[in-house]
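What follows is start-v4.cif (mmCIF, C-alpha atoms).
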data_start
#
loop_
_atom_site.label_atom_id
_atom_site.label_comp_id
_atom_site.auth_asym_id
_atom_site.auth_seq_id
_atom_site.Cartn_x
_atom_site.Cartn_y
_atom_site.Cartn_z
CA MET F 1 0.00 0.00 0.00
CA PRO F 2 1.43 3.39 -0.93
CA TYR F 3 2.58 5.68 1.88
CA ASP F 4 0.88 8.95 2.68
CA PRO F 5 1.65 11.28 -0.25
CA MET F 6 2.44 14.11 2.14
CA MET F 7 5.12 12.01 3.80
CA VAL F 8 6.62 11.07 0.47
CA GLN F 9 6.61 14.53 -1.07
CA PRO F 10 9.92 15.67 0.50
CA MET F 11 11.55 12.50 -0.83
CA ARG F 12 10.32 13.39 -4.32
CA GLU F 13 11.51 16.96 -4.00
CA GLU F 14 14.96 15.88 -2.84
CA LEU F 15 15.50 14.76 -6.42
CA THR F 16 13.30 17.14 -8.40
CA ARG F 17 15.01 20.14 -6.77
CA ALA F 18 18.24 18.84 -8.26
CA GLY F 19 16.71 19.00 -11.72
CA VAL F 20 15.60 15.38 -11.93
CA GLN F 21 12.45 14.95 -14.00
CA GLU F 22 9.69 13.08 -12.22
CA LEU F 23 7.82 10.45 -14.22
CA ARG F 24 4.44 9.82 -12.63
CA ASN F 25 2.84 7.39 -15.08
CA ALA F 26 3.70 4.93 -17.83
CA SER F 27 3.21 7.50 -20.58
CA ASP F 28 5.73 9.79 -18.92
CA VAL F 29 8.25 6.94 -18.87
CA ASP F 30 7.74 6.04 -22.51
CA ALA F 31 8.05 9.68 -23.51
CA PHE F 32 11.29 10.00 -21.55
CA MET F 33 12.75 6.83 -23.04
CA GLN F 34 11.62 7.64 -26.56
CA ASN F 35 14.72 9.74 -27.11
CA LYS F 36 17.37 7.07 -27.38
CA SER F 37 20.29 9.27 -28.36
CA GLY F 38 22.93 10.15 -25.80
CA THR F 39 22.81 9.19 -22.16
CA ALA F 40 19.92 8.99 -19.72
CA MET F 41 19.55 7.88 -16.13
CA ILE F 42 16.50 6.66 -14.25
CA VAL F 43 16.54 6.66 -10.45
CA VAL F 44 14.03 4.31 -8.84
CA ASN F 45 13.24 6.21 -5.67
CA SER F 46 11.95 4.55 -2.50
CA VAL F 47 10.87 5.40 1.03
CA CYS F 48 13.40 2.94 2.45
CA GLY F 49 15.49 4.74 5.03
CA CYS F 50 18.47 2.42 5.00
CA ALA F 51 19.07 2.68 1.26
CA ALA F 52 17.10 5.49 -0.37
CA GLY F 53 18.08 7.86 2.45
CA GLN F 54 21.63 7.70 1.04
CA ALA F 55 20.68 7.19 -2.60
CA ARG F 56 18.99 10.56 -3.04
CA PRO F 57 21.84 12.70 -1.69
CA GLY F 58 24.28 10.45 -3.55
CA VAL F 59 22.51 11.15 -6.82
CA ARG F 60 22.36 14.87 -6.06
CA LEU F 61 26.10 14.97 -5.36
CA ALA F 62 26.94 13.04 -8.51
CA LEU F 63 24.84 15.39 -10.64
CA GLN F 64 26.90 18.35 -9.45
CA GLY F 65 29.82 17.09 -11.51
CA GLU F 66 30.81 18.35 -14.93
CA ILE F 67 30.16 15.02 -16.59
CA LYS F 68 26.66 13.64 -16.16
CA PRO F 69 23.85 12.06 -18.20
CA ASP F 70 22.06 14.17 -20.79
CA ARG F 71 18.70 13.43 -19.18
CA VAL F 72 17.85 12.29 -15.65
CA ALA F 73 14.48 11.12 -14.41
CA THR F 74 12.96 9.33 -11.45
CA VAL F 75 10.07 7.02 -10.70
CA PHE F 76 8.87 6.31 -7.17
CA ALA F 77 8.56 2.62 -6.27
CA GLY F 78 5.57 1.80 -4.09
CA GLN F 79 3.98 5.14 -5.01
CA ASP F 80 3.75 5.57 -8.75
CA LEU F 81 3.20 1.91 -9.50
CA ASP F 82 2.50 2.13 -13.24
CA ALA F 83 5.46 4.39 -13.86
CA THR F 84 7.78 2.11 -11.89
CA ALA F 85 6.55 -1.02 -13.66
CA LYS F 86 6.98 0.64 -17.04
CA ALA F 87 10.46 1.92 -16.17
CA ARG F 88 11.50 -1.59 -15.18
CA THR F 89 10.58 -2.88 -18.63
CA TYR F 90 13.50 -0.83 -19.94
CA PHE F 91 15.92 -2.74 -17.69
CA ALA F 92 14.01 -5.99 -17.49
CA GLN F 93 17.17 -8.07 -17.56
CA VAL F 94 18.01 -7.13 -13.97
CA PRO F 95 15.95 -8.14 -10.94
CA PRO F 96 13.72 -5.35 -9.64
CA SER F 97 14.92 -3.54 -6.54
CA SER F 98 14.42 -0.13 -5.03
CA PRO F 99 16.14 2.16 -4.72
CA SER F 100 18.17 1.41 -7.82
CA ILE F 101 19.71 3.38 -10.65
CA ALA F 102 19.92 2.59 -14.36
CA LEU F 103 22.23 4.42 -16.76
CA PHE F 104 21.45 4.20 -20.47
CA LYS F 105 23.51 5.06 -23.51
CA ASP F 106 21.70 5.25 -26.85
CA GLY F 107 18.78 3.44 -25.26
CA GLU F 108 20.78 0.51 -23.88
CA VAL F 109 21.50 -0.13 -20.21
CA VAL F 110 25.23 0.33 -19.71
CA HIS F 111 25.37 0.48 -15.93
CA PHE F 112 23.07 -0.54 -13.11
CA VAL F 113 23.26 0.02 -9.36
CA PRO F 114 20.95 -2.35 -7.51
CA ARG F 115 19.65 -1.72 -4.03
CA HIS F 116 22.12 -3.98 -2.26
CA MET F 117 25.01 -1.87 -3.56
CA ILE F 118 23.46 1.22 -1.95
CA GLU F 119 22.47 -0.24 1.42
CA GLY F 120 24.77 0.70 4.24
CA ARG F 121 26.94 2.98 2.12
CA ASP F 122 27.13 6.72 2.50
CA ALA F 123 26.03 9.24 -0.09
CA LEU F 124 29.59 10.17 -1.03
CA SER F 125 30.48 6.56 -1.86
CA LEU F 126 27.48 6.29 -4.14
CA ALA F 127 28.22 9.68 -5.71
CA ASN F 128 31.80 8.63 -6.44
CA HIS F 129 30.58 5.38 -7.94
CA LEU F 130 28.06 7.18 -10.16
CA SER F 131 30.65 9.77 -11.18
CA GLU F 132 32.95 6.99 -12.35
CA ALA F 133 30.14 5.56 -14.45
CA PHE F 134 29.36 9.04 -15.83
CA GLN F 135 32.99 9.53 -16.82
CA LYS F 136 32.98 6.19 -18.59
CA TYR F 137 29.75 6.64 -20.53
CA CYS F 138 28.75 10.32 -20.61
CA THR F 139 30.03 13.33 -22.51
CA PRO F 140 31.10 16.57 -20.79
CA ALA F 141 28.49 19.32 -21.19
CA THR F 142 31.07 21.59 -22.81
CA SER F 143 31.62 19.22 -25.72
CA ARG F 144 27.97 18.47 -26.48
CA MET A 145 15.23 11.00 5.39
CA GLY A 146 13.21 7.83 5.15
CA THR A 147 11.45 5.17 7.18
CA PHE A 148 13.33 3.34 9.93
CA HIS A 149 12.37 0.54 12.30
CA HIS A 150 14.38 0.76 15.48
CA ASP A 151 12.70 -2.27 17.09
CA LYS A 152 14.28 -4.65 14.59
CA HIS A 153 17.72 -6.23 14.27
CA ALA A 154 20.51 -3.99 12.98
CA LEU A 155 20.38 -5.81 9.65
CA HIS A 156 16.72 -4.89 9.13
CA GLY A 157 16.26 -3.70 5.57
CA ILE A 158 19.65 -4.94 4.41
CA THR A 159 19.98 -7.58 1.69
CA VAL A 160 21.86 -10.50 3.18
CA VAL A 161 23.22 -13.88 2.20
CA VAL A 162 22.21 -16.55 4.70
CA ASP A 163 24.35 -19.63 4.20
CA THR A 164 23.16 -22.75 5.94
CA THR A 165 24.98 -25.68 7.43
CA GLY A 166 23.37 -27.77 4.68
CA SER A 167 23.23 -27.44 0.93
CA ARG A 168 20.95 -24.40 0.70
CA VAL A 169 21.74 -20.71 0.67
CA PHE A 170 19.21 -17.89 0.92
CA ILE A 171 19.41 -14.26 -0.19
CA GLY A 172 16.81 -11.70 0.77
CA ARG A 173 16.08 -8.50 2.61
CA CYS A 174 16.52 -9.09 6.32
CA ASP A 175 13.39 -8.24 8.24
CA ASP A 176 14.66 -9.43 11.60
CA TRP A 177 17.02 -11.85 13.28
CA ASN A 178 15.65 -13.23 16.51
CA ASP A 179 15.13 -16.43 18.49
CA ASN A 180 13.17 -17.92 15.58
CA GLY A 181 16.02 -17.43 13.13
CA VAL A 182 16.69 -15.06 10.30
CA ILE A 183 13.53 -13.68 8.73
CA LEU A 184 13.94 -12.70 5.09
CA LEU A 185 11.56 -10.82 2.81
CA ASP A 186 11.52 -11.00 -1.00
CA ALA A 187 13.95 -13.89 -0.85
CA ASP A 188 15.51 -16.35 -3.24
CA GLU A 189 17.12 -19.67 -2.41
CA HIS A 190 19.62 -21.89 -4.14
CA GLU A 191 20.51 -25.53 -3.66
CA ASP A 192 24.20 -26.25 -4.09
CA GLY A 193 24.79 -27.71 -7.56
CA THR A 194 21.38 -26.88 -9.01
CA GLY A 195 21.73 -25.81 -12.63
CA GLY A 196 25.41 -26.60 -12.42
CA ARG A 197 25.96 -23.71 -10.04
CA SER A 198 27.66 -23.98 -6.69
CA LYS A 199 26.59 -21.83 -3.77
CA GLN A 200 29.54 -19.56 -4.54
CA ASP A 201 28.58 -19.23 -8.21
CA TYR A 202 25.05 -18.29 -7.23
CA ILE A 203 26.19 -15.74 -4.66
CA ALA A 204 28.65 -14.17 -7.11
CA GLN A 205 25.90 -13.75 -9.72
CA ALA A 206 23.52 -12.26 -7.15
CA ALA A 207 26.19 -9.82 -6.02
CA LYS A 208 26.27 -8.27 -9.49
CA PHE A 209 22.59 -7.51 -10.05
CA GLY A 210 20.50 -8.91 -7.19
CA ILE A 211 18.04 -11.77 -7.03
CA TRP A 212 14.71 -12.75 -8.52
CA LYS A 213 12.52 -13.41 -5.53
CA LYS A 214 10.91 -16.83 -5.03
CA HIS A 215 9.42 -16.18 -1.60
CA ASP A 216 7.67 -13.21 -0.05
CA ARG A 217 8.90 -14.35 3.36
CA VAL A 218 11.28 -17.04 4.57
CA VAL A 219 12.40 -17.97 8.09
CA VAL A 220 15.78 -19.69 8.20
CA PRO A 221 15.91 -21.44 11.59
CA GLY A 222 18.78 -20.27 13.75
CA ALA A 223 20.13 -23.81 14.12
CA ASP A 224 20.55 -24.02 10.34
CA VAL A 225 22.39 -20.72 9.93
CA ALA A 226 26.09 -21.02 9.17
CA SER A 227 26.70 -17.37 8.33
CA VAL A 228 24.93 -14.11 7.54
CA THR A 229 26.70 -11.67 5.22
CA ARG A 230 25.63 -8.42 3.60
CA LEU A 231 25.31 -8.98 -0.15
CA GLY A 232 26.65 -5.46 -0.60
CA ASP A 233 29.88 -6.51 1.09
CA ILE A 234 30.36 -9.16 -1.58
CA ALA A 235 29.47 -6.81 -4.42
CA THR A 236 32.07 -4.21 -5.39
CA LEU A 237 30.78 -0.69 -5.56
#

In structure tokens, how does this file's structure come out?
Amino acid sequence: MPYDPMMVQPMREELTRAGVQELRNASDVDAFMQNKSGTAMIVVNSVCGCAAGQARPGVRLALQGEIKPDRVATVFAGQDLDATAKARTYFAQVPPSSPSIALFKDGEVVHFVPRHMIEGRDALSLANHLSEAFQKYCTPATSR
Amino acid sequence: MGTFHHDKHALHGITVVVDTTGSRVFIGRCDDWNDNGVILLDADEHEDGTGGRSKQDYIAQAAKFGIWKKHDRVVVPGADVASVTRLGDIATL
């Protein structure tokens, strides 16, 4: 059963305030994924304190870097059920978990961070990990 | 910010590998660890040698991407538990 929307709202805003586009339904997800050129990232958000509580600030930190995905979006597991289910069809080869993070290049998943790699780690560790993936797969904004 | 459950074991919410003294190994999200054993949610299990995979092969694969759950809830009796390890400690971030 979804949590109280009022309780969840700050967890949504923690990402949207960093410029992450929120996808609330399946159509939003398809529209976001329709553009297959370049790099995109989808963050599967969650209310889980022991993992998502570090995932959100980790994502925010990583996005402050010079090199980052062209487009970044989020779905909220346990809240926006259709959007989350649709998003997972784009990385159906990996078991579902939340929070988790999928990085795409030209429409293909090139990097995935499942929940168990976020649990118990601090935001900086996750940010560093994401930044390494960004440097491997993304293009600096200045050269786009 | 998030939801926390301070009345549970310290591993509550963490994905763990529960190896048994027998041939089975379980991976799931730890709900609690108490006198009844280790309680796992959204868990998978593997029998040593099934599909040509050892316990170690199975754990190594799970450490990369996670597990496909077979059980909503599993209780591994304490007497059967050989070890409990965070899956994230096996995976390399």

Chain and number of each residue from the PyMOL selection byres ((chain A) within 12 of (chain F)), as number ranges by chain: A: 145-150, 154-161, 171-174, 186-188, 205-214, 229-237

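Nearest to Leu185 (chain A) of all the residues A:Val219, A:Asp224, A:Thr164, A:Lys199 is A:Val219, based on only C-alpha atoms.
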
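Nearest residue to Glu108 (chain F), choosing from F:Asn25, F:Ser131, F:Ser37, F:Thr16 and counting all atoms listed in the file: F:Ser37.
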
Chain and number of each residue from the PyMOL selection byres ((chain A and resi 222) around 9), as number ranges by chain: A: 177-182, 219-221, 223-226

File of the preceding selection, C-alpha atoms, as a PDB file, in the coordinates of the input:
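Written output follows (result_20.pdb):
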ATOM      1  CA  TRP A 177      17.020 -11.850  13.280  1.00  0.00           C
ATOM      2  CA  ASN A 178      15.650 -13.230  16.510  1.00  0.00           C
ATOM      3  CA  ASP A 179      15.130 -16.430  18.490  1.00  0.00           C
ATOM      4  CA  ASN A 180      13.170 -17.920  15.580  1.00  0.00           C
ATOM      5  CA  GLY A 181      16.020 -17.430  13.130  1.00  0.00           C
ATOM      6  CA  VAL A 182      16.690 -15.060  10.300  1.00  0.00           C
ATOM      7  CA  VAL A 219      12.400 -17.970   8.090  1.00  0.00           C
ATOM      8  CA  VAL A 220      15.780 -19.690   8.200  1.00  0.00           C
ATOM      9  CA  PRO A 221      15.910 -21.440  11.590  1.00  0.00           C
ATOM     10  CA  ALA A 223      20.130 -23.810  14.120  1.00  0.00           C
ATOM     11  CA  ASP A 224      20.550 -24.020  10.340  1.00  0.00           C
ATOM     12  CA  VAL A 225      22.390 -20.720   9.930  1.00  0.00           C
ATOM     13  CA  ALA A 226      26.090 -21.020   9.170  1.00  0.00           C
TER      14      ALA A 226
END

Gap from CA of Glu191 (chain A) to CA of Ser227 (chain A) - Å, one decimal: 15.8 Å

Residues matched by the PyMOL selection byres ((chain A and resi 217) around 6), written as a PyMOL selection string: chain A and resi 184-185+215-216+218

Distance in Å - CA of Gly196 (chain A) versus CA of Val169 (chain A): 14.8 Å

Top pick for closest residue to Gly193 (chain A), considering A:Asp176, A:Arg168, A:Asp163, A:Lys152 and counting all atoms listed in the file: A:Arg168

Atom pair CA of Lys136 (chain F) / CA of Gln21 (chain F): separation (Å): 22.8 Å

Val29 (chain F) environment, 12 Å, only C-alpha atoms, sequence neighbours closer than 3 positions dropped, as a count of residues only: 31

Contact residues around Ala18 (chain F) with all atoms listed in the file at 9 Å, ignoring same-chain residues under 6 positions, as a PyMOL selection string: chain F and resi 59-60+63-64

Can you put N, CA and C atoms back into region 191-222 of chain A and show it as a CSV table (one decimal), keeping the file's coordinate frame?
chain,number,residue,atom,x,y,z
A,191,GLU,N,20.0,-24.2,-4.1
A,191,GLU,CA,20.5,-25.5,-3.7
A,191,GLU,C,21.9,-25.8,-4.3
A,192,ASP,N,22.9,-26.0,-3.6
A,192,ASP,CA,24.2,-26.2,-4.1
A,192,ASP,C,24.2,-27.2,-5.3
A,193,GLY,N,24.7,-26.8,-6.4
A,193,GLY,CA,24.8,-27.7,-7.6
A,193,GLY,C,23.6,-27.6,-8.5
A,194,THR,N,22.5,-27.0,-8.1
A,194,THR,CA,21.4,-26.9,-9.0
A,194,THR,C,21.7,-26.0,-10.2
A,195,GLY,N,21.4,-26.5,-11.4
A,195,GLY,CA,21.7,-25.8,-12.6
A,195,GLY,C,23.2,-25.7,-12.9
A,196,GLY,N,24.0,-26.6,-12.2
A,196,GLY,CA,25.4,-26.6,-12.4
A,196,GLY,C,26.1,-25.5,-11.7
A,197,ARG,N,25.4,-24.8,-10.8
A,197,ARG,CA,26.0,-23.7,-10.0
A,197,ARG,C,26.2,-24.1,-8.6
A,198,SER,N,27.4,-23.8,-8.1
A,198,SER,CA,27.7,-24.0,-6.7
A,198,SER,C,27.0,-22.8,-5.9
A,199,LYS,N,27.1,-22.9,-4.6
A,199,LYS,CA,26.6,-21.8,-3.8
A,199,LYS,C,27.4,-20.6,-4.1
A,200,GLN,N,28.7,-20.7,-4.3
A,200,GLN,CA,29.5,-19.6,-4.5
A,200,GLN,C,29.2,-18.9,-5.9
A,201,ASP,N,29.0,-19.8,-6.9
A,201,ASP,CA,28.6,-19.2,-8.2
A,201,ASP,C,27.3,-18.4,-8.1
A,202,TYR,N,26.3,-19.0,-7.4
A,202,TYR,CA,25.0,-18.3,-7.2
A,202,TYR,C,25.2,-16.9,-6.5
A,203,ILE,N,26.0,-17.0,-5.4
A,203,ILE,CA,26.2,-15.7,-4.7
A,203,ILE,C,26.9,-14.7,-5.5
A,204,ALA,N,27.9,-15.1,-6.3
A,204,ALA,CA,28.6,-14.2,-7.1
A,204,ALA,C,27.7,-13.5,-8.1
A,205,GLN,N,26.8,-14.3,-8.7
A,205,GLN,CA,25.9,-13.8,-9.7
A,205,GLN,C,25.0,-12.8,-9.0
A,206,ALA,N,24.4,-13.1,-7.9
A,206,ALA,CA,23.5,-12.3,-7.2
A,206,ALA,C,24.2,-11.0,-6.8
A,207,ALA,N,25.5,-11.0,-6.4
A,207,ALA,CA,26.2,-9.8,-6.0
A,207,ALA,C,26.3,-8.8,-7.1
A,208,LYS,N,26.2,-9.2,-8.4
A,208,LYS,CA,26.3,-8.3,-9.5
A,208,LYS,C,25.0,-7.5,-9.7
A,209,PHE,N,23.8,-8.2,-9.7
A,209,PHE,CA,22.6,-7.5,-10.0
A,209,PHE,C,21.5,-7.7,-9.1
A,210,GLY,N,21.6,-8.6,-8.1
A,210,GLY,CA,20.5,-8.9,-7.2
A,210,GLY,C,19.9,-10.3,-7.5
A,211,ILE,N,18.7,-10.5,-6.9
A,211,ILE,CA,18.0,-11.8,-7.0
A,211,ILE,C,16.6,-11.6,-7.5
A,212,TRP,N,16.1,-12.7,-8.2
A,212,TRP,CA,14.7,-12.8,-8.5
A,212,TRP,C,14.0,-13.5,-7.4
A,213,LYS,N,13.1,-12.8,-6.8
A,213,LYS,CA,12.5,-13.4,-5.5
A,213,LYS,C,11.6,-14.6,-5.8
A,214,LYS,N,11.8,-15.6,-5.0
A,214,LYS,CA,10.9,-16.8,-5.0
A,214,LYS,C,9.9,-16.8,-3.9
A,215,HIS,N,10.3,-16.1,-2.8
A,215,HIS,CA,9.4,-16.2,-1.6
A,215,HIS,C,9.2,-14.8,-1.1
A,216,ASP,N,7.9,-14.5,-0.7
A,216,ASP,CA,7.7,-13.2,0.0
A,216,ASP,C,8.3,-13.2,1.3
A,217,ARG,N,8.3,-14.3,2.0
A,217,ARG,CA,8.9,-14.4,3.4
A,217,ARG,C,9.5,-15.7,3.6
A,218,VAL,N,10.6,-15.8,4.2
A,218,VAL,CA,11.3,-17.0,4.6
A,218,VAL,C,11.9,-16.9,6.0
A,219,VAL,N,11.7,-17.9,6.8
A,219,VAL,CA,12.4,-18.0,8.1
A,219,VAL,C,13.4,-19.1,8.0
A,220,VAL,N,14.7,-18.7,8.1
A,220,VAL,CA,15.8,-19.7,8.2
A,220,VAL,C,16.0,-20.0,9.7
A,221,PRO,N,15.7,-21.2,10.2
A,221,PRO,CA,15.9,-21.4,11.6
A,221,PRO,C,17.3,-21.2,12.1
A,222,GLY,N,17.5,-20.6,13.2
A,222,GLY,CA,18.8,-20.3,13.8
A,222,GLY,C,19.8,-21.4,13.8
